[in-house]
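Shown here: run35.cif, mmCIF, C-alpha atoms.
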data_data
loop_
_atom_site.group_PDB
_atom_site.id
_atom_site.type_symbol
_atom_site.label_atom_id
_atom_site.label_comp_id
_atom_site.auth_asym_id
_atom_site.auth_seq_id
_atom_site.Cartn_x
_atom_site.Cartn_y
_atom_site.Cartn_z
ATOM 1 C CA MET W 6 -23.047 17.613 80.017
ATOM 2 C CA THR W 7 -26.286 19.305 81.005
ATOM 3 C CA GLY W 8 -26.072 21.528 77.941
ATOM 4 C CA LEU W 9 -26.502 18.498 75.681
ATOM 5 C CA SER W 10 -29.777 17.405 77.273
ATOM 6 C CA ASP W 11 -31.006 21.008 77.196
ATOM 7 C CA TYR W 12 -30.172 21.239 73.488
ATOM 8 C CA ILE W 13 -31.986 17.969 72.777
ATOM 9 C CA ASP W 14 -35.091 19.030 74.717
ATOM 10 C CA LYS W 15 -35.109 22.462 73.074
ATOM 11 C CA THR W 16 -34.809 21.239 69.481
ATOM 12 C CA LEU W 17 -37.409 18.485 69.964
ATOM 13 C CA ALA W 18 -39.841 20.591 71.992
ATOM 14 C CA GLY W 19 -42.379 20.775 69.172
ATOM 15 C CA ILE W 20 -42.820 16.994 68.983
ATOM 16 C CA LYS W 21 -45.290 15.229 71.257
ATOM 17 C CA ASN W 22 -43.592 13.015 73.838
ATOM 18 C CA ASN W 23 -43.954 9.274 73.374
ATOM 19 C CA ASP W 24 -41.902 6.125 73.920
ATOM 20 C CA ALA W 25 -40.209 6.442 70.525
ATOM 21 C CA LEU W 26 -39.159 10.022 71.279
ATOM 22 C CA TYR W 27 -37.809 9.061 74.708
ATOM 23 C CA ARG W 28 -35.748 6.273 73.148
ATOM 24 C CA TYR W 29 -34.477 8.655 70.457
ATOM 25 C CA LYS W 30 -33.482 11.258 73.095
ATOM 26 C CA GLY W 31 -31.649 8.648 75.130
ATOM 27 C CA LYS W 32 -29.783 7.386 72.061
ATOM 28 C CA LEU W 33 -28.852 10.945 71.079
ATOM 29 C CA LEU W 34 -27.640 11.837 74.542
ATOM 30 C CA GLY W 35 -25.435 8.756 74.603
ATOM 31 C CA GLU W 36 -23.942 9.558 71.191
ATOM 32 C CA MET W 37 -23.380 13.224 72.035
ATOM 33 C CA SER W 38 -21.833 12.429 75.427
ATOM 34 C CA ALA W 39 -19.439 9.966 73.795
ATOM 35 C CA ARG W 40 -18.551 12.613 71.219
ATOM 36 C CA ALA W 41 -17.966 15.198 73.974
ATOM 37 C CA ASP W 42 -15.638 12.789 75.825
ATOM 38 C CA GLU W 43 -13.748 12.187 72.586
ATOM 39 C CA LEU W 44 -13.267 15.922 72.026
ATOM 40 C CA GLN W 45 -12.069 16.387 75.593
ATOM 41 C CA MET W 46 -9.560 13.576 75.136
ATOM 42 C CA ARG W 47 -8.217 15.374 72.086
ATOM 43 C CA GLY W 48 -7.427 18.438 74.214
ATOM 44 C CA LEU W 49 -10.570 20.602 74.079
ATOM 45 C CA SER W 50 -11.434 21.864 77.528
ATOM 46 C CA ASP W 51 -13.915 24.658 76.828
ATOM 47 C CA LYS W 52 -17.367 23.116 77.319
ATOM 48 C CA LYS W 53 -19.088 25.837 75.291
ATOM 49 C CA VAL W 54 -16.849 25.127 72.296
ATOM 50 C CA ILE W 55 -17.520 21.400 72.633
ATOM 51 C CA LEU W 56 -21.261 22.035 72.823
ATOM 52 C CA ASP W 57 -21.168 24.274 69.747
ATOM 53 C CA LEU W 58 -19.269 21.639 67.762
ATOM 54 C CA ILE W 59 -21.710 18.905 68.705
ATOM 55 C CA GLU W 60 -24.713 21.097 67.872
ATOM 56 C CA GLN W 61 -23.222 21.669 64.421
ATOM 57 C CA GLU W 62 -22.890 17.900 63.967
ATOM 58 C CA TYR W 63 -26.563 17.368 64.941
ATOM 59 C CA PRO W 64 -28.343 20.351 63.352
ATOM 60 C CA ASN W 65 -31.758 18.869 62.424
ATOM 61 C CA LEU W 66 -32.853 16.617 65.271
ATOM 62 C CA ALA W 67 -36.595 17.059 64.723
ATOM 63 C CA GLU W 68 -36.354 16.335 60.997
ATOM 64 C CA ASP W 69 -34.124 13.327 61.655
ATOM 65 C CA PHE W 70 -36.572 11.925 64.208
ATOM 66 C CA LEU W 71 -39.555 12.349 61.881
ATOM 67 C CA GLN W 72 -37.657 10.693 59.015
ATOM 68 C CA ARG W 73 -36.811 7.739 61.253
ATOM 69 C CA GLN W 74 -40.456 7.412 62.271
ATOM 70 C CA LYS W 75 -41.519 7.527 58.643
ATOM 71 C CA LYS W 76 -39.056 4.786 57.694
ATOM 72 C CA GLN W 77 -40.206 2.619 60.578
ATOM 73 C CA LYS W 78 -43.849 3.022 59.567
ATOM 74 C CA SER W 79 -43.096 2.244 55.909
ATOM 75 C CA GLY W 80 -41.081 -0.795 57.006
ATOM 76 C CA LYS W 81 -43.947 -2.062 59.150
ATOM 77 C CA SER W 82 -46.392 -1.381 56.321
ATOM 78 C CA ALA W 83 -44.237 -3.322 53.859
ATOM 79 C CA LEU W 84 -43.971 -6.208 56.326
ATOM 80 C CA LEU W 85 -47.746 -6.301 56.811
ATOM 81 C CA LYS W 86 -48.286 -6.238 53.046
ATOM 82 C CA GLY W 87 -45.817 -9.082 52.611
ATOM 83 C CA LEU W 88 -47.487 -11.151 55.334
ATOM 84 C CA SER W 89 -50.952 -10.493 53.907
ATOM 85 C CA LEU W 90 -49.725 -11.501 50.440
ATOM 86 C CA ILE W 91 -48.236 -14.759 51.737
ATOM 87 C CA THR W 92 -51.360 -15.500 53.780
ATOM 88 C CA GLY W 93 -53.604 -14.778 50.823
ATOM 89 C CA PHE W 94 -51.498 -16.984 48.544
ATOM 90 C CA LEU W 95 -51.584 -19.870 51.038
ATOM 91 C CA LEU W 96 -55.369 -19.615 51.426
ATOM 92 C CA TYR W 97 -55.811 -19.351 47.660
ATOM 93 C CA THR W 98 -53.572 -22.394 47.107
ATOM 94 C CA PHE W 99 -55.480 -24.367 49.757
ATOM 95 C CA VAL W 100 -58.840 -23.659 48.097
ATOM 96 C CA LEU W 101 -57.343 -24.342 44.673
ATOM 97 C CA THR W 102 -56.013 -27.701 45.875
ATOM 98 C CA LEU W 103 -59.443 -28.660 47.235
ATOM 99 C CA VAL W 104 -61.054 -27.797 43.896
ATOM 100 C CA TYR W 105 -58.363 -29.724 42.016
ATOM 101 C CA LEU W 106 -58.722 -32.852 44.160
ATOM 102 C CA ALA W 107 -62.515 -32.751 44.134
ATOM 103 C CA PHE W 108 -62.643 -32.350 40.352
ATOM 104 C CA SER W 109 -60.010 -35.064 39.826
ATOM 105 C CA PHE W 110 -61.699 -37.652 42.057
ATOM 106 C CA ILE W 111 -65.117 -36.957 40.555
ATOM 107 C CA THR W 112 -64.069 -36.990 36.892
ATOM 108 C CA GLU W 113 -60.935 -39.155 37.233
ATOM 109 C CA ALA W 114 -59.367 -36.903 34.598
ATOM 110 C CA TRP W 115 -56.015 -36.707 36.340
ATOM 111 C CA ALA W 116 -54.191 -36.286 33.042
ATOM 112 C CA LEU W 117 -55.966 -32.949 32.517
ATOM 113 C CA SER W 118 -56.995 -31.743 35.963
ATOM 114 C CA TRP W 119 -53.446 -30.664 36.858
ATOM 115 C CA LEU W 120 -54.190 -27.610 34.717
ATOM 116 C CA ILE W 121 -56.437 -26.374 37.523
ATOM 117 C CA MET W 122 -53.452 -26.091 39.869
ATOM 118 C CA VAL W 123 -50.943 -24.749 37.360
ATOM 119 C CA ASN W 124 -53.223 -22.235 35.640
ATOM 120 C CA GLY W 125 -54.747 -21.243 38.964
ATOM 121 C CA ILE W 126 -51.330 -20.259 40.304
ATOM 122 C CA ILE W 127 -50.519 -18.507 37.018
ATOM 123 C CA LEU W 128 -53.693 -16.420 37.337
ATOM 124 C CA PHE W 129 -52.723 -15.436 40.884
ATOM 125 C CA LEU W 130 -49.305 -14.292 39.662
ATOM 126 C CA VAL W 131 -50.844 -12.350 36.766
ATOM 127 C CA VAL W 132 -53.140 -10.464 39.147
ATOM 128 C CA TYR W 133 -50.197 -9.789 41.467
ATOM 129 C CA PHE W 134 -47.981 -8.419 38.669
ATOM 130 C CA LEU W 135 -50.803 -6.232 37.310
ATOM 131 C CA LYS W 136 -51.410 -4.805 40.780
ATOM 132 C CA LEU W 137 -47.681 -4.208 41.216
ATOM 133 C CA LEU W 138 -47.624 -2.582 37.770
ATOM 134 C CA GLY W 139 -50.208 -0.016 38.861
ATOM 135 C CA SER W 140 -48.424 0.844 42.107
ATOM 136 C CA THR W 141 -44.928 1.103 40.591
ATOM 137 C CA ALA W 142 -46.108 3.183 37.632
ATOM 138 C CA GLY W 143 -47.817 5.554 40.055
ATOM 139 C CA LYS W 144 -44.513 5.947 41.919
ATOM 140 C CA HIS W 145 -42.640 6.593 38.633
ATOM 141 C CA ARG W 146 -40.663 3.355 38.947
ATOM 142 C CA TYR W 147 -40.946 2.668 35.243
ATOM 143 C CA LYS W 148 -38.314 -0.070 34.953
ATOM 144 C CA THR W 149 -40.125 -2.163 37.551
ATOM 145 C CA ALA W 150 -43.481 -1.356 35.951
ATOM 146 C CA ARG W 151 -42.260 -2.504 32.528
ATOM 147 C CA THR W 152 -40.893 -5.719 34.041
ATOM 148 C CA CYS W 153 -44.245 -6.407 35.710
ATOM 149 C CA LEU W 154 -46.086 -5.739 32.453
ATOM 150 C CA ILE W 155 -43.916 -8.155 30.464
ATOM 151 C CA ALA W 156 -44.143 -10.802 33.206
ATOM 152 C CA ALA W 157 -47.955 -10.577 33.270
ATOM 153 C CA ILE W 158 -48.210 -10.879 29.478
ATOM 154 C CA MET W 159 -45.848 -13.860 29.279
ATOM 155 C CA LEU W 160 -47.668 -15.635 32.105
ATOM 156 C CA CYS W 161 -50.932 -15.103 30.239
ATOM 157 C CA ALA W 162 -49.239 -16.639 27.191
ATOM 158 C CA VAL W 163 -48.298 -19.718 29.233
ATOM 159 C CA PHE W 164 -51.895 -19.952 30.490
ATOM 160 C CA VAL W 165 -53.347 -19.833 26.971
ATOM 161 C CA PHE W 166 -50.663 -22.170 25.597
ATOM 162 C CA LEU W 167 -51.384 -24.873 28.181
ATOM 163 C CA ILE W 168 -55.105 -24.751 27.482
ATOM 164 C CA SER W 169 -54.634 -24.785 23.699
ATOM 165 C CA GLN W 170 -52.004 -27.534 23.816
ATOM 166 C CA VAL W 171 -53.398 -29.848 26.503
ATOM 167 C CA LEU W 172 -57.161 -29.350 26.276
ATOM 168 C CA LEU W 173 -57.726 -28.241 22.702
ATOM 169 C CA THR W 174 -54.628 -29.717 20.989
ATOM 170 C CA VAL W 175 -54.392 -26.685 18.727
ATOM 171 C CA ASN W 176 -51.825 -27.009 15.958
ATOM 172 C CA LYS W 177 -48.895 -24.563 16.072
ATOM 173 C CA SER W 178 -49.921 -23.324 19.512
ATOM 174 C CA TYR W 179 -46.272 -22.372 20.105
ATOM 175 C CA LEU W 180 -47.023 -19.255 18.064
ATOM 176 C CA ILE W 181 -48.823 -17.948 21.138
ATOM 177 C CA PHE W 182 -45.438 -17.005 22.592
ATOM 178 C CA LEU W 183 -44.454 -15.038 19.473
ATOM 179 C CA ALA W 184 -47.788 -13.232 19.672
ATOM 180 C CA ALA W 185 -47.169 -12.550 23.372
ATOM 181 C CA VAL W 186 -43.810 -10.939 22.579
ATOM 182 C CA ALA W 187 -45.469 -8.700 19.969
ATOM 183 C CA ILE W 188 -48.220 -7.762 22.434
ATOM 184 C CA ALA W 189 -45.612 -7.038 25.131
ATOM 185 C CA ILE W 190 -43.730 -4.706 22.770
ATOM 186 C CA ILE W 191 -46.907 -2.831 21.844
ATOM 187 C CA CYS W 192 -48.083 -2.588 25.470
ATOM 188 C CA ASP W 193 -44.656 -1.296 26.483
ATOM 189 C CA VAL W 194 -45.086 1.580 24.015
ATOM 190 C CA ILE W 195 -48.562 2.301 25.367
ATOM 191 C CA LEU W 196 -47.184 2.326 28.925
ATOM 192 C CA ALA W 197 -44.349 4.665 27.918
ATOM 193 C CA TYR W 198 -46.745 7.209 26.381
ATOM 194 C CA SER W 199 -49.442 6.898 29.059
ATOM 195 C CA THR W 200 -46.871 7.636 31.784
ATOM 196 C CA ASN W 201 -45.258 10.467 29.758
ATOM 197 C CA GLN W 202 -41.801 8.923 29.729
ATOM 198 C CA LYS W 203 -39.156 11.215 28.302
ATOM 199 C CA PHE W 204 -37.881 8.964 25.497
ATOM 200 C CA ALA W 205 -41.128 7.191 24.649
ATOM 201 C CA ILE W 206 -40.613 7.902 20.943
ATOM 202 C CA PHE W 207 -37.611 5.524 20.935
ATOM 203 C CA ASN W 208 -39.860 2.777 22.290
ATOM 204 C CA LEU W 209 -42.188 3.432 19.380
ATOM 205 C CA LEU W 210 -39.394 3.432 16.787
ATOM 206 C CA ILE W 211 -38.116 0.081 18.044
ATOM 207 C CA ALA W 212 -41.588 -1.415 18.469
ATOM 208 C CA LEU W 213 -42.825 -0.810 14.913
ATOM 209 C CA PRO W 214 -40.329 -2.972 12.969
ATOM 210 C CA SER W 215 -39.943 -5.614 15.688
ATOM 211 C CA SER W 216 -43.689 -6.140 16.173
ATOM 212 C CA ALA W 217 -44.214 -6.021 12.403
ATOM 213 C CA ALA W 218 -41.617 -8.783 11.945
ATOM 214 C CA LEU W 219 -43.298 -10.953 14.572
ATOM 215 C CA ILE W 220 -46.754 -10.430 13.090
ATOM 216 C CA TYR W 221 -45.392 -11.241 9.628
ATOM 217 C CA VAL W 222 -43.833 -14.506 10.849
ATOM 218 C CA ILE W 223 -46.974 -15.527 12.777
ATOM 219 C CA LEU W 224 -49.334 -14.880 9.862
ATOM 220 C CA SER W 225 -46.993 -16.641 7.425
ATOM 221 C CA LEU W 226 -46.620 -19.729 9.625
ATOM 222 C CA LEU W 227 -50.400 -19.867 9.986
ATOM 223 C CA GLU W 228 -50.546 -19.675 6.179
ATOM 224 C CA LEU W 229 -52.867 -16.677 6.360
ATOM 225 C CA ILE W 230 -50.474 -14.757 4.122
ATOM 226 C CA SER W 231 -47.660 -15.848 1.814
ATOM 227 C CA TRP W 232 -44.007 -15.304 2.643
ATOM 228 C CA HIS W 233 -43.659 -13.252 -0.534
ATOM 229 C CA PRO W 234 -44.410 -10.398 -1.068
ATOM 230 C CA TYR W 235 -45.728 -9.755 2.451
ATOM 231 C CA TRP W 236 -42.213 -9.222 3.773
ATOM 232 C CA LEU W 237 -43.050 -5.653 2.731
ATOM 233 C CA ILE W 238 -44.871 -5.404 6.083
ATOM 234 C CA ILE W 239 -41.476 -5.091 7.774
ATOM 235 C CA LEU W 240 -40.232 -2.610 5.164
ATOM 236 C CA ASN W 241 -43.339 -0.479 5.680
ATOM 237 C CA ALA W 242 -42.678 -0.484 9.421
ATOM 238 C CA PHE W 243 -39.225 1.019 8.806
ATOM 239 C CA LEU W 244 -40.845 3.543 6.454
ATOM 240 C CA ALA W 245 -43.266 4.480 9.248
ATOM 241 C CA ASP W 246 -40.252 4.958 11.547
ATOM 242 C CA PHE W 247 -38.710 7.338 9.016
ATOM 243 C CA ILE W 248 -41.947 9.361 8.772
ATOM 244 C CA ILE W 249 -42.204 9.557 12.583
ATOM 245 C CA ILE W 250 -38.600 10.802 12.818
ATOM 246 C CA ILE W 251 -39.239 13.491 10.176
ATOM 247 C CA LEU W 252 -42.417 14.630 11.960
ATOM 248 C CA ALA W 253 -40.634 14.709 15.327
ATOM 249 C CA ILE W 254 -37.757 16.777 13.918
ATOM 250 C CA SER W 255 -40.228 19.150 12.280
ATOM 251 C CA ARG W 256 -42.211 19.572 15.483
ATOM 252 C CA ASN W 257 -39.081 20.178 17.572
ATOM 253 C CA SER W 258 -37.879 22.733 15.026
ATOM 254 C CA LYS W 259 -41.162 24.648 15.221
ATOM 255 C CA ASN W 260 -41.101 24.539 19.021
ATOM 256 C CA SER W 261 -37.529 25.867 19.128
ATOM 257 C CA GLU W 262 -38.420 28.700 16.712
ATOM 258 C CA LYS W 263 -41.410 29.616 18.843
ATOM 259 C CA GLU W 264 -39.263 29.642 22.007
ATOM 260 C CA GLU W 265 -36.674 31.858 20.277
ATOM 261 C CA ALA W 266 -39.407 34.268 19.188
ATOM 262 C CA ASP W 267 -40.849 34.386 22.704
ATOM 263 C CA ASP W 268 -37.392 35.060 24.144
ATOM 264 C CA LEU W 269 -36.883 37.857 21.622
ATOM 265 C CA TRP W 270 -40.146 39.537 22.573
ATOM 266 C CA LYS W 271 -39.283 39.213 26.250
ATOM 267 C CA GLU W 272 -35.905 40.881 25.659
ATOM 268 C CA ASN W 273 -37.559 43.777 23.825
#

Please re-express this file's structure in structure tokens.
Amino acid sequence: MTGLSDYIDKTLAGIKNNDALYRYKGKLLGEMSARADELQMRGLSDKKVILDLIEQEYPNLAEDFLQRQKKQKSGKSALLKGLSLITGFLLYTFVLTLVYLAFSFITEAWALSWLIMVNGIILFLVVYFLKLLGSTAGKHRYKTARTCLIAAIMLCAVFVFLISQVLLTVNKSYLIFLAAVAIAIICDVILAYSTNQKFAIFNLLIALPSSAALIYVILSLLELISWHPYWLIILNAFLADFIIIILAISRNSKNSEKEEADDLWKEN
């Protein structure tokens, strides 16, 4: 139907012709022609009615074309980023392997030099997760951002643990992981407030007693404080939660009263 090609050309007239547009027009014409044949087979004979029906089924051709172009560009961009990441990781690993082998052959400290490879890869992953944290938080993808934050902190804990355990033989170095959990909880609260998340106060209410319990256990195991009576640290954290709840309720009450007063003045 000539009316279909005219409709396609008319609705896409404002877009500059290129190969992508020509392919899109050809695909559209094929789909519309097949739809027109289907309608004719069902008993419709009036070409104007068929054309009107098809136009209603394809109302925003220009917008659809631009959206398709945008998706294609974002897909290509994501592919290029993925390839650059893989290439960068391979180059980084190659250089890291050269450093590891050179250091190992020179010092013959094979029992320790493996830390160069392991911790080197851990550092790469930490940098990657921190970079991903920044991009996802900027796009308001907070669940992914929080996952990246926790992953980066725990990888840092593994890095420090390996050095303290293998190189320095620090006693009770396993406590590094408890400290990392406490740090992750605190950083999660900071992230929630810095990105203005709606229910950030709940993160804070959960973080206070949980981080207090971890800090209490760590300090007690290190024998920096006694188990009794410093368990009060946890109790004080719950008390702080109660104070925060009271202050939040009070603030919300004042805000609601102010809004009611403003509404009253507006009505008058």

Give me the result of the PyMOL selection byres ((chain W and resi 192-194) around 8) on this file, residue by residue, as a ChimeraX atom specification.
/W:151,154-155,188-191,195-198,205,208-209,212

Mind giving me the straight-line distance from CA of Ser50 in chain W to CA of Tyr29 in chain W in Å, one decimal?
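Here the two named atoms are 27.5 Å from each other.
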
Expand the PyMOL selection byres ((chain W and resi 74-78) around 12) into the individual residues it matches in the shown file, reporting them as a ChimeraX atom specification.
/W:20,23-26,28-29,67-73,79-85

Using the chain letters and numbers from the file, give me the residues hit by the PyMOL selection byres ((chain W and resi 165) around 12), as a ChimeraX atom specification.
/W:120,123-124,127-128,158-164,166-175,178-182,184-185

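The spacing separating CA of Ala156 in chain W from CA of Gly125 in chain W amounts to 16.0 Å.
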
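One finds CA of Leu137 in chain W at 10.0 Å from CA of Thr152 in chain W.
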
Selected residue of minimal separation from Lys203 in chain W among W:Leu226, W:Glu36, W:Tyr147, W:Phe243, counting all atoms listed in the file:
W:Tyr147
